[in-house]
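Working notes for the structure below.
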Number of protein chains: 2
Amino acid sequence: MKKIVIFGVGLIGGSFALALKQASATLITGIGRSKESLQEAVNLGVIDVFSDTQESNIHAALKDADLVMIAAPVAQTSNILQSIKPHLGSNTFITDAGSTKGEVLTCAKEILAEKFNQFVGGHPIAGAEKSGVAAAIADLYVGKNVVLTPTLETNKDAVAVVTKFWRTCGANVSEMSAEAHDSIFAAVSHLPHLLAFALVDDIASRPNAAQLFSFAASGFRDFTRIAGSHPEMWRDISLANKTALLSELETYQNELSQLKQLLTKEDGAGLQALFDRASTARNAWAKNKQ
Amino acid sequence: MKKIVIFGVGLIGGSFALALKQASATLITGIGRSKESLQEAVNLGVIDVFSDTQESNIHAALKDADLVMIAAPVAQTSNILQSIKPHLGSNTFITDAGSTKGEVLTCAKEILAEKFNQFVGGHPIAGAEKSGVAAAIADLYVGKNVVLTPTLETNKDAVAVVTKFWRTCGANVSEMSAEAHDSIFAAVSHLPHLLAFALVDDIASRPNAAQLFSFAASGFRDFTRIAGSHPEMWRDISLANKTALLSELETYQNELSQLKQLLTKEDGAGLQALFDRASTARNAWAKNKQ
């Protein structure tokens with residue numbers, strides 16, 4: 001029987017647990033900050049047992065574990081790695097589910113030191129604006145991308161084991177450097193989140209916000225869906241991927257300035273060409289995704 | 001039997017026609033640029049007859065008409081108004097379905113002159129990225145907002161008649177000035193469209209666009225749905241609402257600059273506060289809309 005320890009049993013960690021338990025008998029220990037939420041996870045059948053972060057309890061939870069999955073908010077990663085290092089056997093591998101990878105790898109290398117080769121950075125491209133263990137579902141990862149970011153030092157067995165667990169969840173696993181990962185997701189995920197947060201904050205802060213919201217329709221609804229995401233999580237992601245995100249914001253502001261210029265000059269052909277490029281690319285992408 | 005003439009039988013004009021025909025016997029004449037598309041509208045049962053834009057045909061179509069609905073791209077409004085003015089009886093009212101209202105009113109006033117009191121600007125807040133008569137449905141407007149923008153000169157009967165037609169379609173009708181309308185929709189509709197077009201154009205123009213798109217997921221999908229909208233229509237809307245839109249872009253760029261500053265200073269509390277305001281406002285709005 002596989003033995004897995006999950007730090008942070010929310011939507012991401014909980015769905016990982018449910019998928020693995022559904023595939024085969026697996027003993028899952030949940031560790032987290034909130035006893036109530038862990039008890040809920042046991043009641044929902046997501047995990048088998050839970051533990052607090054006392055050293056002796058972590059020692060017991062990690063004994064003979066095949067895998068430690070860190071699915072807690074990324075700001076807690078450093079504390080979690082520190083708490084597990086002394087109890088980490090040589091056959092236990094570690095992965096995480098954070099949305100940024102560069103900072104996590106730096107932190108893991110520093111803390112795990114000679115055991116850093118047991119760590120494989122990971123990012124499941126799934127989830128939603130929902131959070132919490134009650135939202136966890138066994139098929140969250142079916143057909144979804146999971147990116148792993150092994151380094152030259154990473155143990156090949158660690159990569160193989162983590163890959164196998166994700167494939168068991170139904171995910172498509174690919175590998176790239178942490179730097180490539182962070183730059184890609186700054187563009188296609190982190191930037192859109194910041195843009196949506198910015199639009200809603202901009203509108204909500206106006207004296208006539210109630211009137212504006214009353215006329216907002218389906219376009220606004222979809223555009224701003226990700227502005228309903230978890231503020232603490234997105235604070236951590238933004239800070240962890242600061243460099244790539246600042247560069248994306250810069251590029252985007254240049255794109256907006258170009259749009260403003262076309263509008264100021266009433267350059268209808270230029271505007272239509274820009275909208276046309278975007279519309280063609282968006283519709284081709286959506287068709288391809290189906 | 002009511003007699004209605006619709007210029008531009010696409011999603012918007014076609015759905016208006018279907019809703020009215022479903023409510024009671026109504027003779028609907030469609031007029032447009034494409035004979036094929038008008039023939040399709042007849043085949044689909046959306047309109048009863050169609051006509052080209054020859055003067056004698058427009059004269060015949062407008063005879064004893066209760067209402068002329070202009071649902072063609074806004075750039076054609078001026079030509080359409082010119083073509084109908086000589087044939088407009090005093091008991092025929094005119095409305096439109098354009099997404100901007102200031103420019104349409106200015107144009108209607110200039111062209112219709114002494115008959116301007118028969119014109120009521122209108123904007124149904126419905127539709128989608130889809131377009132064309134094949135997408136038309138009878139219940140598109142059920143529960144949706146329709147804004148009318150009468151002026152001090154507008155005939156009260158014209159407002160009453162147009163209101164009644166929209167209520168027959170199931171819409172909630174409200175009235176405001178064209179200026180208030182354009183400023184509201186610059187913020188909650190036109191700006192988000194431009195932001196989505198800008199993001200997709202920004203990404204599509206990069207050398208690694210294919211890789212970026214391959215990792216884009218559901219957040220990107222929803223955020224960019226409106227970037228699949230009709231380029232010509234959005235060129236016209238952008239130009240027609242240029243002033244309000246430039247002011248919105250300015251405000252939004254300031255909001256982004258504020259975000260960049262928080263990120264540069266690694267001000268976690270400030271970022272979380274901004275995300276929290278946005279997330280709270282977005283979720284309250286979504287709950288209220290249900």
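Residues are named by chain letter and number: chains run A, B, ... in the order of the structure tokens, numbers start at 1 in each chain, and ligands are numbered from 1 in the order shown.
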
Could you list, as a list in words, the residues of chain B having an atom within 6 Å of chain A when counting only C-alpha atoms?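 Here they are: Ile184, Val188, Phe197, Val200, Asp201, Leu212, Ala216, Asp222, Phe223, Ala227, Gly228, Pro231, Glu232, Arg235, Leu271, Gln272, Phe275, Asp276, Ala278, Ser279, Arg282 and Asn283 of chain B.
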
Could those residues be written to a file, using N, CA and C atoms, as a CSV table (one decimal), in the first residue's frame?
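The resulting file, result13.csv, is reproduced below:
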```
chain,number,residue,atom,x,y,z
B,184,ILE,N,-21.0,54.6,-18.7
B,184,ILE,CA,-21.2,53.3,-18.0
B,184,ILE,C,-20.6,52.2,-18.8
B,188,VAL,N,-17.8,49.1,-18.1
B,188,VAL,CA,-18.1,47.7,-17.8
B,188,VAL,C,-18.2,46.8,-19.0
B,197,PHE,N,-8.8,41.8,-26.0
B,197,PHE,CA,-8.1,41.9,-27.3
B,197,PHE,C,-6.6,42.1,-27.1
B,200,VAL,N,-4.6,39.0,-25.8
B,200,VAL,CA,-4.4,37.9,-26.8
B,200,VAL,C,-3.5,38.4,-27.9
B,201,ASP,N,-3.6,39.6,-28.4
B,201,ASP,CA,-2.7,40.1,-29.4
B,201,ASP,C,-1.3,40.2,-28.9
B,212,LEU,N,3.0,29.1,-25.4
B,212,LEU,CA,2.2,29.8,-24.4
B,212,LEU,C,0.7,29.4,-24.4
B,216,ALA,N,-2.2,27.6,-21.6
B,216,ALA,CA,-3.3,28.5,-21.2
B,216,ALA,C,-4.5,27.6,-20.8
B,222,ASP,N,-11.8,32.0,-20.0
B,222,ASP,CA,-12.9,32.9,-19.6
B,222,ASP,C,-12.5,34.4,-19.8
B,223,PHE,N,-11.3,34.7,-19.3
B,223,PHE,CA,-10.8,36.1,-19.4
B,223,PHE,C,-10.8,36.6,-20.9
B,227,ALA,N,-12.4,38.3,-26.4
B,227,ALA,CA,-11.5,38.7,-27.4
B,227,ALA,C,-11.8,37.9,-28.7
B,228,GLY,N,-12.8,37.0,-28.7
B,228,GLY,CA,-13.2,36.3,-29.9
B,228,GLY,C,-14.3,37.1,-30.6
B,231,PRO,N,-14.4,41.8,-34.9
B,231,PRO,CA,-13.4,42.9,-35.0
B,231,PRO,C,-14.0,44.2,-35.6
B,232,GLU,N,-14.8,44.1,-36.6
B,232,GLU,CA,-15.4,45.3,-37.3
B,232,GLU,C,-16.4,46.0,-36.3
B,235,ARG,N,-14.3,47.7,-33.7
B,235,ARG,CA,-13.7,48.9,-34.2
B,235,ARG,C,-14.7,50.1,-34.2
B,271,LEU,N,-0.8,44.4,-1.8
B,271,LEU,CA,-1.3,43.5,-2.9
B,271,LEU,C,-2.5,42.7,-2.4
B,272,GLN,N,-2.4,42.2,-1.2
B,272,GLN,CA,-3.5,41.4,-0.7
B,272,GLN,C,-4.8,42.2,-0.5
B,275,PHE,N,-6.3,42.8,-4.0
B,275,PHE,CA,-7.0,41.5,-4.4
B,275,PHE,C,-8.2,41.3,-3.6
B,276,ASP,N,-8.2,41.6,-2.4
B,276,ASP,CA,-9.3,41.3,-1.5
B,276,ASP,C,-10.5,42.2,-1.8
B,278,ALA,N,-11.1,43.5,-4.7
B,278,ALA,CA,-11.6,43.0,-6.0
B,278,ALA,C,-12.4,41.7,-5.9
B,279,SER,N,-11.8,40.8,-5.1
B,279,SER,CA,-12.5,39.5,-5.0
B,279,SER,C,-13.8,39.6,-4.2
B,282,ARG,N,-16.3,41.3,-6.7
B,282,ARG,CA,-16.7,40.4,-7.8
B,282,ARG,C,-17.6,39.3,-7.3
B,283,ASN,N,-17.3,38.7,-6.1
B,283,ASN,CA,-18.2,37.6,-5.6
B,283,ASN,C,-19.5,38.1,-5.2
```

Residue list (strand (DSSP E or B), DSSP) for segment 5-103 of chain B, as a list of chain:residue names: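 Result set for segment 5-103 of chain B (strand (DSSP E or B)): B:Val5, B:Ile6, B:Phe7, B:Thr26, B:Leu27, B:Ile28, B:Thr29, B:Gly30, B:Ile31, B:Val49, B:Phe50, B:Ser51, B:Leu67, B:Val68, B:Met69, B:Ile70, B:Phe93, B:Ile94, B:Thr95, B:Asp96.
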
For the residues in the current selection, export N, CA and C atoms as a PDB file, in the first residue's frame.
```
ATOM      1  N   VAL B   5     -39.843  46.916 -39.579  1.00  0.00           N
ATOM      2  CA  VAL B   5     -38.750  46.826 -40.546  1.00  0.00           C
ATOM      3  C   VAL B   5     -37.434  46.752 -39.777  1.00  0.00           C
ATOM      4  N   ILE B   6     -36.640  45.735 -40.071  1.00  0.00           N
ATOM      5  CA  ILE B   6     -35.361  45.579 -39.369  1.00  0.00           C
ATOM      6  C   ILE B   6     -34.200  45.707 -40.350  1.00  0.00           C
ATOM      7  N   PHE B   7     -33.333  46.692 -40.093  1.00  0.00           N
ATOM      8  CA  PHE B   7     -32.091  46.818 -40.872  1.00  0.00           C
ATOM      9  C   PHE B   7     -31.012  46.044 -40.147  1.00  0.00           C
ATOM     10  N   THR B  26     -46.907  39.339 -36.419  1.00  0.00           N
ATOM     11  CA  THR B  26     -46.137  40.530 -36.747  1.00  0.00           C
ATOM     12  C   THR B  26     -45.526  40.329 -38.126  1.00  0.00           C
ATOM     13  N   LEU B  27     -45.676  41.331 -38.982  1.00  0.00           N
ATOM     14  CA  LEU B  27     -45.053  41.228 -40.299  1.00  0.00           C
ATOM     15  C   LEU B  27     -43.677  41.877 -40.241  1.00  0.00           C
ATOM     16  N   ILE B  28     -42.659  41.098 -40.491  1.00  0.00           N
ATOM     17  CA  ILE B  28     -41.308  41.627 -40.368  1.00  0.00           C
ATOM     18  C   ILE B  28     -40.574  41.615 -41.700  1.00  0.00           C
ATOM     19  N   THR B  29     -40.130  42.824 -42.097  1.00  0.00           N
ATOM     20  CA  THR B  29     -39.331  42.965 -43.310  1.00  0.00           C
ATOM     21  C   THR B  29     -37.873  43.153 -42.911  1.00  0.00           C
ATOM     22  N   GLY B  30     -37.000  42.371 -43.468  1.00  0.00           N
ATOM     23  CA  GLY B  30     -35.566  42.520 -43.218  1.00  0.00           C
ATOM     24  C   GLY B  30     -34.893  43.231 -44.369  1.00  0.00           C
ATOM     25  N   ILE B  31     -34.002  44.150 -44.040  1.00  0.00           N
ATOM     26  CA  ILE B  31     -33.242  44.850 -45.078  1.00  0.00           C
ATOM     27  C   ILE B  31     -31.762  44.755 -44.711  1.00  0.00           C
ATOM     28  N   VAL B  49     -40.336  38.779 -45.109  1.00  0.00           N
ATOM     29  CA  VAL B  49     -39.879  39.173 -46.440  1.00  0.00           C
ATOM     30  C   VAL B  49     -38.591  39.965 -46.301  1.00  0.00           C
ATOM     31  N   PHE B  50     -37.893  40.132 -47.434  1.00  0.00           N
ATOM     32  CA  PHE B  50     -36.725  41.005 -47.353  1.00  0.00           C
ATOM     33  C   PHE B  50     -36.659  41.908 -48.562  1.00  0.00           C
ATOM     34  N   SER B  51     -35.830  42.921 -48.396  1.00  0.00           N
ATOM     35  CA  SER B  51     -35.749  43.927 -49.439  1.00  0.00           C
ATOM     36  C   SER B  51     -34.308  44.392 -49.547  1.00  0.00           C
ATOM     37  N   LEU B  67     -42.605  50.366 -36.632  1.00  0.00           N
ATOM     38  CA  LEU B  67     -41.269  50.554 -36.059  1.00  0.00           C
ATOM     39  C   LEU B  67     -40.190  50.182 -37.070  1.00  0.00           C
ATOM     40  N   VAL B  68     -39.138  50.985 -37.081  1.00  0.00           N
ATOM     41  CA  VAL B  68     -37.910  50.611 -37.789  1.00  0.00           C
ATOM     42  C   VAL B  68     -36.848  50.336 -36.725  1.00  0.00           C
ATOM     43  N   MET B  69     -36.292  49.134 -36.750  1.00  0.00           N
ATOM     44  CA  MET B  69     -35.196  48.770 -35.828  1.00  0.00           C
ATOM     45  C   MET B  69     -33.908  48.727 -36.632  1.00  0.00           C
ATOM     46  N   ILE B  70     -32.925  49.537 -36.226  1.00  0.00           N
ATOM     47  CA  ILE B  70     -31.622  49.516 -36.894  1.00  0.00           C
ATOM     48  C   ILE B  70     -30.660  48.668 -36.062  1.00  0.00           C
ATOM     49  N   PHE B  93     -42.048  54.938 -35.770  1.00  0.00           N
ATOM     50  CA  PHE B  93     -40.942  55.325 -34.888  1.00  0.00           C
ATOM     51  C   PHE B  93     -39.696  54.530 -35.260  1.00  0.00           C
ATOM     52  N   ILE B  94     -38.557  55.066 -34.846  1.00  0.00           N
ATOM     53  CA  ILE B  94     -37.273  54.408 -35.175  1.00  0.00           C
ATOM     54  C   ILE B  94     -36.498  54.176 -33.892  1.00  0.00           C
ATOM     55  N   THR B  95     -35.875  53.039 -33.795  1.00  0.00           N
ATOM     56  CA  THR B  95     -34.940  52.807 -32.697  1.00  0.00           C
ATOM     57  C   THR B  95     -33.722  52.084 -33.246  1.00  0.00           C
ATOM     58  N   ASP B  96     -32.700  51.938 -32.418  1.00  0.00           N
ATOM     59  CA  ASP B  96     -31.525  51.190 -32.858  1.00  0.00           C
ATOM     60  C   ASP B  96     -31.063  50.297 -31.717  1.00  0.00           C
TER      61      ASP B  96
END
```

Please return, as a ChimeraX atom specification, all residues of segment 90-267 of chain A that DSSP assigns to helix (DSSP H, G or I) on the basis of the backbone. /A:102-118,133-135,156-168,178-204,209-214,218-223,225-228,231-240,242-264

Close residues, Ala135 of chain B itself excluded, 8 Å, only C-alpha atoms, min 3 positions apart in chain, as a PyMOL selection string: chain B and resi 10-11+130-132

Which is closest to Lys21 of chain B among B:Ala136, B:Cys169, B:Ala65, B:Ala158, if we use only C-alpha atoms? B:Cys169

Tell me which protein, DNA and RNA residues are within 8 Å of Lys85 of chain B, counting only C-alpha atoms, leaving out same-chain ones fewer than 4 positions away, and put them as a compact mmCIF listing (two decimals) with N, CA and C atoms, in the first residue's frame.
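part-v4.txt, written as the output of this step:
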```
# COMPACT_ATOMS: atom_id res chain seq x y z
N LEU B 81 -30.16 55.85 -41.97
CA LEU B 81 -31.06 56.96 -41.62
C LEU B 81 -31.35 57.82 -42.85
N ILE B 111 -29.39 64.05 -39.40
CA ILE B 111 -30.00 63.50 -40.61
C ILE B 111 -31.53 63.57 -40.58
N LEU B 112 -32.12 63.20 -39.45
CA LEU B 112 -33.59 63.16 -39.39
C LEU B 112 -34.20 64.55 -39.22
N LYS B 115 -37.72 65.22 -38.09
CA LYS B 115 -38.28 63.92 -37.70
C LYS B 115 -37.47 63.24 -36.59
```

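Taking atom CA of Asp157 of chain A and atom CA of Val142 of chain A as the two end points, the separation is 23.5 Å.
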
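Counting only C-alpha atoms, Ile137 of chain A has the following residues at most 10 Å away, ignoring those fewer than 5 positions along the same chain: Leu11, Ile12, Gly14, Ser15, Phe16, Ala17, Leu18, Ala19 and Val46 of chain A.
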
Length of the atom CA of Trp166 of chain A to atom CA of Gly45 of chain A vector [Å]: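 About the pair atom CA of Trp166 of chain A and atom CA of Gly45 of chain A: they are 19.8 Å apart.
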
Identify, on the basis of only C-alpha atoms, every residue whose closest approach to Glu36 of chain B does not exceed 12 Å; exclude the query and any residue fewer than 2 positions from it along the same chain; express the result as an MDAnalysis selection string. chainID B and resid 9 30:34 38:43 50:52 132:133

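Each of B:Ser83, B:Asp66, B:Ala134, B:Gly102 was checked against Gln118 of chain B using only C-alpha atoms; the smallest atom-to-atom distance is that of B:Asp66.
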